[in-house]
$ cat entry-v5.cif   # mmCIF, C-alpha atoms; chains and numbers go by the auth columns
data_start
#
loop_
_atom_site.group_PDB
_atom_site.id
_atom_site.type_symbol
_atom_site.label_atom_id
_atom_site.label_comp_id
_atom_site.label_asym_id
_atom_site.label_seq_id
_atom_site.Cartn_x
_atom_site.Cartn_y
_atom_site.Cartn_z
_atom_site.B_iso_or_equiv
_atom_site.auth_seq_id
_atom_site.auth_asym_id
ATOM 1 C CA MET A 1 86.955 83.885 119.134 0.00 1245 A
ATOM 2 C CA ASP A 2 87.950 80.395 117.989 0.00 1246 A
ATOM 3 C CA VAL A 3 89.277 81.948 114.764 0.00 1247 A
ATOM 4 C CA ALA A 4 91.391 84.463 116.731 0.00 1248 A
ATOM 5 C CA ALA A 5 92.665 81.787 119.122 0.00 1249 A
ATOM 6 C CA GLU A 6 94.074 79.791 116.190 0.00 1250 A
ATOM 7 C CA ALA A 7 96.417 82.653 115.228 0.00 1251 A
ATOM 8 C CA THR A 8 100.035 82.228 116.260 0.00 1252 A
ATOM 9 C CA HIS A 9 101.023 85.894 116.608 0.00 1253 A
ATOM 10 C CA TRP A 10 99.676 86.407 120.160 0.00 1254 A
ATOM 11 C CA PRO A 11 102.352 87.042 122.835 0.00 1255 A
ATOM 12 C CA ALA A 12 103.026 84.320 125.406 0.00 1256 A
ATOM 13 C CA ASP A 13 100.724 84.250 128.458 0.00 1257 A
ATOM 14 C CA THR A 14 97.944 86.132 126.636 0.00 1258 A
ATOM 15 C CA ARG A 15 94.719 85.171 124.946 0.00 1259 A
ATOM 16 C CA PRO A 16 92.629 87.090 122.417 0.00 1260 A
ATOM 17 C CA ALA A 17 89.595 88.954 123.744 0.00 1261 A
ATOM 18 C CA PRO A 18 87.034 91.089 121.881 0.00 1262 A
ATOM 19 C CA SER A 19 87.602 94.828 122.305 0.00 1263 A
ATOM 20 C CA ARG A 20 85.006 96.440 120.005 0.00 1264 A
ATOM 21 C CA MET A 21 82.827 95.847 116.968 0.00 1265 A
ATOM 22 C CA THR A 22 82.718 98.325 114.087 0.00 1266 A
ATOM 23 C CA HIS A 23 81.293 98.673 110.580 0.00 1267 A
ATOM 24 C CA VAL A 24 78.145 96.708 111.508 0.00 1268 A
ATOM 25 C CA LYS A 25 75.769 96.719 108.537 0.00 1269 A
ATOM 26 C CA MET A 26 72.517 94.884 108.007 0.00 1270 A
ATOM 27 C CA ARG A 27 72.235 94.796 104.231 0.00 1271 A
ATOM 28 C CA SER A 28 68.907 92.983 104.028 0.00 1272 A
ATOM 29 C CA PHE A 29 66.170 91.665 106.269 0.00 1273 A
ATOM 30 C CA ILE A 30 66.950 88.256 107.787 0.00 1274 A
ATOM 31 C CA PRO A 31 63.670 86.510 108.594 0.00 1275 A
ATOM 32 C CA PRO A 32 63.446 84.325 111.705 0.00 1276 A
ATOM 33 C CA GLY A 33 64.581 80.782 110.970 0.00 1277 A
ATOM 34 C CA ALA A 34 66.563 81.752 107.858 0.00 1278 A
ATOM 35 C CA GLU A 35 69.611 79.619 107.101 0.00 1279 A
ATOM 36 C CA LEU A 36 72.825 81.675 107.008 0.00 1280 A
ATOM 37 C CA ASP A 37 76.368 80.952 105.900 0.00 1281 A
ATOM 38 C CA ILE A 38 78.783 82.674 108.289 0.00 1282 A
ATOM 39 C CA ASP A 39 82.319 83.675 107.286 0.00 1283 A
ATOM 40 C CA ALA A 40 85.053 84.912 109.667 0.00 1284 A
ATOM 41 C CA GLU A 41 88.429 86.022 108.297 0.00 1285 A
ATOM 42 C CA LEU A 42 91.298 86.964 110.625 0.00 1286 A
ATOM 43 C CA ALA A 43 93.640 89.808 109.675 0.00 1287 A
ATOM 44 C CA PRO A 44 96.453 90.382 112.218 0.00 1288 A
ATOM 45 C CA SER A 45 97.117 94.103 112.613 0.00 1289 A
ATOM 46 C CA GLY A 46 99.985 94.002 115.111 0.00 1290 A
ATOM 47 C CA ALA A 47 101.654 91.824 117.728 0.00 1291 A
ATOM 48 C CA GLU A 48 98.820 92.324 120.182 0.00 1292 A
ATOM 49 C CA SER A 49 95.760 92.935 118.005 0.00 1293 A
ATOM 50 C CA ALA A 50 93.782 91.626 115.063 0.00 1294 A
ATOM 51 C CA THR A 51 90.607 92.308 113.139 0.00 1295 A
ATOM 52 C CA ILE A 52 88.081 89.625 112.277 0.00 1296 A
ATOM 53 C CA ARG A 53 85.971 90.424 109.223 0.00 1297 A
ATOM 54 C CA LEU A 54 82.532 88.869 109.622 0.00 1298 A
ATOM 55 C CA ALA A 55 79.912 88.230 106.955 0.00 1299 A
ATOM 56 C CA ALA A 56 76.541 86.508 106.932 0.00 1300 A
ATOM 57 C CA ARG A 57 75.183 85.288 103.609 0.00 1301 A
ATOM 58 C CA MET A 58 71.656 84.223 102.805 0.00 1302 A
ATOM 59 C CA ASP A 59 70.773 82.600 99.476 0.00 1303 A
ATOM 60 C CA GLY A 60 74.254 83.459 98.182 0.00 1304 A
ATOM 61 C CA LYS A 61 73.904 87.185 98.906 0.00 1305 A
ATOM 62 C CA THR A 62 75.564 89.160 101.701 0.00 1306 A
ATOM 63 C CA ALA A 63 72.954 89.916 104.370 0.00 1307 A
ATOM 64 C CA ALA A 64 75.170 91.429 107.102 0.00 1308 A
ATOM 65 C CA THR A 65 78.798 92.418 107.686 0.00 1309 A
ATOM 66 C CA ALA A 66 80.893 93.647 110.620 0.00 1310 A
ATOM 67 C CA ARG A 67 84.452 93.913 111.915 0.00 1311 A
ATOM 68 C CA LEU A 68 85.447 92.619 115.337 0.00 1312 A
ATOM 69 C CA GLU A 69 88.600 94.094 116.852 0.00 1313 A
ATOM 70 C CA VAL A 70 90.455 91.638 119.070 0.00 1314 A
ATOM 71 C CA ALA A 71 93.260 92.423 121.513 0.00 1315 A
ATOM 72 C CA ALA A 72 95.678 90.319 123.562 0.00 1316 A
ATOM 73 C CA ARG A 73 94.747 90.093 127.238 0.00 1317 A
ATOM 74 C CA ALA A 74 96.899 88.630 130.013 0.00 1318 A
ATOM 75 C CA VAL A 75 95.842 85.158 131.122 0.00 1319 A
ATOM 76 C CA GLN A 76 94.583 85.323 134.699 0.00 1320 A
#
$ encode --input "entry-v5.cif" --output "structure tokens"
Amino acid sequence: MDVAAEATHWPADTRPAPSRMTHVKMRSFIPPGAELDIDAELAPSGAESATIRLAARMDGKTAATARLEVAARAVQ
């Protein structure tokens, strides 16, 4: 959510909040204690939404991927 919060396209008096996760794929077994490199890339898809593409890499190979859909929510 820190990645989404850094985007400047959110309307005033809103904050990004997760709405759903899609395209979740475990591409290989990740053993307990494994060291992972995590990548999160924000792609705005409208004035009030965005998609964060997530990837976990282990030993230079992609181990897991997913997409997190984020939507603007009114600040309470």
$ atom_distance --input "entry-v5.cif" --atom1 "atom CA of Arg1264 of chain A" --atom2 "atom CA of Gly1304 of chain A"
27.6 Å
$ resolve_selection --input "entry-v5.cif" --expression "the PyMOL selection byres ((chain A and resi 1252) around 12)" --output "PDB file with C-alpha atoms, keeping the file's coordinate frame"
ATOM      1  CA  VAL A1247      89.277  81.948 114.764  1.00  0.00           C
ATOM      2  CA  ALA A1248      91.391  84.463 116.731  1.00  0.00           C
ATOM      3  CA  ALA A1249      92.665  81.787 119.122  1.00  0.00           C
ATOM      4  CA  GLU A1250      94.074  79.791 116.190  1.00  0.00           C
ATOM      5  CA  ALA A1251      96.417  82.653 115.228  1.00  0.00           C
ATOM      6  CA  HIS A1253     101.023  85.894 116.608  1.00  0.00           C
ATOM      7  CA  TRP A1254      99.676  86.407 120.160  1.00  0.00           C
ATOM      8  CA  PRO A1255     102.352  87.042 122.835  1.00  0.00           C
ATOM      9  CA  ALA A1256     103.026  84.320 125.406  1.00  0.00           C
ATOM     10  CA  THR A1258      97.944  86.132 126.636  1.00  0.00           C
ATOM     11  CA  ARG A1259      94.719  85.171 124.946  1.00  0.00           C
ATOM     12  CA  PRO A1260      92.629  87.090 122.417  1.00  0.00           C
ATOM     13  CA  LEU A1286      91.298  86.964 110.625  1.00  0.00           C
ATOM     14  CA  ALA A1287      93.640  89.808 109.675  1.00  0.00           C
ATOM     15  CA  PRO A1288      96.453  90.382 112.218  1.00  0.00           C
ATOM     16  CA  GLY A1290      99.985  94.002 115.111  1.00  0.00           C
ATOM     17  CA  ALA A1291     101.654  91.824 117.728  1.00  0.00           C
ATOM     18  CA  GLU A1292      98.820  92.324 120.182  1.00  0.00           C
ATOM     19  CA  SER A1293      95.760  92.935 118.005  1.00  0.00           C
ATOM     20  CA  ALA A1294      93.782  91.626 115.063  1.00  0.00           C
ATOM     21  CA  ALA A1316      95.678  90.319 123.562  1.00  0.00           C
TER      22      ALA A1316
END
$ resolve_selection --input "entry-v5.cif" --expression "the PyMOL selection byres ((chain A and resi 1279) around 10)" --output "mmCIF file with C-alpha atoms, in the frame of the given file"
data_model
loop_
_atom_site.group_PDB
_atom_site.id
_atom_site.type_symbol
_atom_site.label_atom_id
_atom_site.label_comp_id
_atom_site.auth_asym_id
_atom_site.auth_seq_id
_atom_site.Cartn_x
_atom_site.Cartn_y
_atom_site.Cartn_z
ATOM 1 C CA ILE A 1274 66.950 88.256 107.787
ATOM 2 C CA PRO A 1275 63.670 86.510 108.594
ATOM 3 C CA PRO A 1276 63.446 84.325 111.705
ATOM 4 C CA GLY A 1277 64.581 80.782 110.970
ATOM 5 C CA ALA A 1278 66.563 81.752 107.858
ATOM 6 C CA LEU A 1280 72.825 81.675 107.008
ATOM 7 C CA ASP A 1281 76.368 80.952 105.900
ATOM 8 C CA ILE A 1282 78.783 82.674 108.289
ATOM 9 C CA ALA A 1300 76.541 86.508 106.932
ATOM 10 C CA ARG A 1301 75.183 85.288 103.609
ATOM 11 C CA MET A 1302 71.656 84.223 102.805
ATOM 12 C CA ASP A 1303 70.773 82.600 99.476
#
$ atom_distance --input "entry-v5.cif" --atom1 "atom CA of Val1314 of chain A" --atom2 "atom CA of Arg1271 of chain A"
23.7 Å
$ closest_residue --input "entry-v5.cif" --among "A:Ala1284, A:Met1270, A:Ile1296, A:Met1245" --to "Glu1313 of chain A" --atoms "all atoms listed in the file"
A:Ile1296
$ closest_residue --input "entry-v5.cif" --among "A:Ala1261, A:Asp1246, A:Val1268, A:Asp1283" --to "Arg1311 of chain A" --atoms "only C-alpha atoms"
A:Val1268
$ atom_distance --input "entry-v5.cif" --atom1 "atom CA of Met1265 of chain A" --atom2 "atom CA of Ala1310 of chain A"
7.0 Å
$ residues_near_point --input "entry-v5.cif" --point "(73.4, 93.1, 105.8)" --cutoff "8 Å" --atoms "all atoms listed in the file" --output "ChimeraX atom specification"
/A:1269-1273,1300,1306-1309
$ axis_aligned_box --input "entry-v5.cif" --around "segment 1297-1307 of chain A" --padding-each-side "8 Å" --output "JSON"
{"center_x": 78.4, "center_y": 86.5, "center_z": 103.9, "size_x": 31.2, "size_y": 23.8, "size_z": 27.4}
$ residues_near_point --input "entry-v5.cif" --point "(91.4, 94.6, 126.4)" --cutoff "6 Å" --atoms "all atoms listed in the file" --output "list in words"
Ser1263, Ala1315 and Arg1317 of chain A
$ write_last_selection --input "entry-v5.cif" --atoms "C-alpha atoms" --output "mmCIF file, in the frame of the given file"
data_model
loop_
_atom_site.group_PDB
_atom_site.id
_atom_site.type_symbol
_atom_site.label_atom_id
_atom_site.label_comp_id
_atom_site.auth_asym_id
_atom_site.auth_seq_id
_atom_site.Cartn_x
_atom_site.Cartn_y
_atom_site.Cartn_z
ATOM 1 C CA SER A 1263 87.602 94.828 122.305
ATOM 2 C CA ALA A 1315 93.260 92.423 121.513
ATOM 3 C CA ARG A 1317 94.747 90.093 127.238
#
$ residues_around --input "entry-v5.cif" --residues "Asp1257 of chain A" --least-positions-apart "4" --cutoff "9 Å" --atoms "all atoms listed in the file" --output "PyMOL selection string"
chain A and resi 1317-1320
$ decode --input "entry-v5.cif" --residues "chain A" --atoms "C-alpha atoms" --output "compact mmCIF listing (two decimals), in the first residue's frame"
# COMPACT_ATOMS: atom_id res chain seq x y z
CA MET A 1245 0.00 0.00 0.00
CA ASP A 1246 3.01 2.30 0.40
CA VAL A 1247 3.56 2.06 -3.36
CA ALA A 1248 -0.07 3.05 -4.06
CA ALA A 1249 0.03 5.89 -1.52
CA GLU A 1250 2.97 7.48 -3.37
CA ALA A 1251 0.87 7.93 -6.53
CA THR A 1252 -0.43 11.43 -7.16
CA HIS A 1253 -3.58 10.59 -9.13
CA TRP A 1254 -5.84 9.89 -6.11
CA PRO A 1255 -8.70 12.40 -5.60
CA ALA A 1256 -8.51 14.78 -2.64
CA ASP A 1257 -9.78 13.43 0.70
CA THR A 1258 -9.27 9.80 -0.35
CA ARG A 1259 -6.65 7.17 0.29
CA PRO A 1260 -5.91 3.97 -1.62
CA ALA A 1261 -7.30 0.74 -0.19
CA PRO A 1262 -7.01 -2.84 -1.50
CA SER A 1263 -10.15 -4.06 -3.26
CA ARG A 1264 -9.19 -7.50 -4.62
CA MET A 1265 -6.27 -9.68 -5.64
CA THR A 1266 -6.23 -11.52 -8.97
CA HIS A 1267 -3.90 -13.59 -11.14
CA VAL A 1268 -2.22 -15.16 -8.08
CA LYS A 1269 0.28 -17.78 -9.26
CA MET A 1270 2.81 -19.79 -7.32
CA ARG A 1271 5.33 -20.73 -9.99
CA SER A 1272 7.66 -22.75 -7.77
CA PHE A 1273 7.93 -24.03 -4.23
CA ILE A 1274 9.25 -21.43 -1.77
CA PRO A 1275 10.88 -23.25 1.15
CA PRO A 1276 10.57 -21.79 4.65
CA GLY A 1277 13.32 -19.27 5.33
CA ALA A 1278 14.05 -18.64 1.63
CA GLU A 1279 15.28 -15.16 0.76
CA LEU A 1280 12.99 -13.41 -1.75
CA ASP A 1281 13.28 -10.24 -3.80
CA ILE A 1282 9.88 -8.53 -3.92
CA ASP A 1283 8.85 -6.18 -6.73
CA ALA A 1284 5.73 -3.97 -6.76
CA GLU A 1285 4.89 -1.87 -9.84
CA LEU A 1286 1.98 0.59 -9.82
CA ALA A 1287 -0.11 1.05 -12.97
CA PRO A 1288 -2.88 3.68 -12.59
CA SER A 1289 -6.02 2.54 -14.41
CA GLY A 1290 -8.28 5.53 -13.75
CA ALA A 1291 -8.78 8.52 -11.47
CA GLU A 1292 -9.95 6.33 -8.61
CA SER A 1293 -8.21 2.99 -9.18
CA ALA A 1294 -4.88 1.35 -9.87
CA THR A 1295 -3.32 -2.07 -10.24
CA ILE A 1296 -0.16 -3.12 -8.46
CA ARG A 1297 1.74 -5.90 -10.20
CA LEU A 1298 3.53 -8.03 -7.61
CA ALA A 1299 6.37 -10.48 -8.14
CA ALA A 1300 8.53 -12.55 -5.82
CA ARG A 1301 11.88 -13.78 -7.11
CA MET A 1302 14.09 -16.45 -5.63
CA ASP A 1303 17.61 -17.08 -6.94
CA GLY A 1304 16.88 -14.76 -9.88
CA LYS A 1305 13.80 -16.70 -11.00
CA THR A 1306 10.16 -15.68 -10.61
CA ALA A 1307 8.61 -17.75 -7.81
CA ALA A 1308 5.20 -16.05 -7.49
CA THR A 1309 3.15 -13.30 -9.14
CA ALA A 1310 -0.15 -11.52 -8.47
CA ARG A 1311 -2.10 -8.35 -9.21
CA LEU A 1312 -3.58 -6.21 -6.45
CA GLU A 1313 -6.44 -3.92 -7.44
CA VAL A 1314 -6.54 -0.72 -5.39
CA ALA A 1315 -9.39 1.78 -5.19
CA ALA A 1316 -9.79 5.26 -3.70
CA ARG A 1317 -11.70 5.28 -0.41
CA ALA A 1318 -12.95 8.37 1.43
CA VAL A 1319 -10.84 9.34 4.43
CA GLN A 1320 -12.88 8.88 7.59
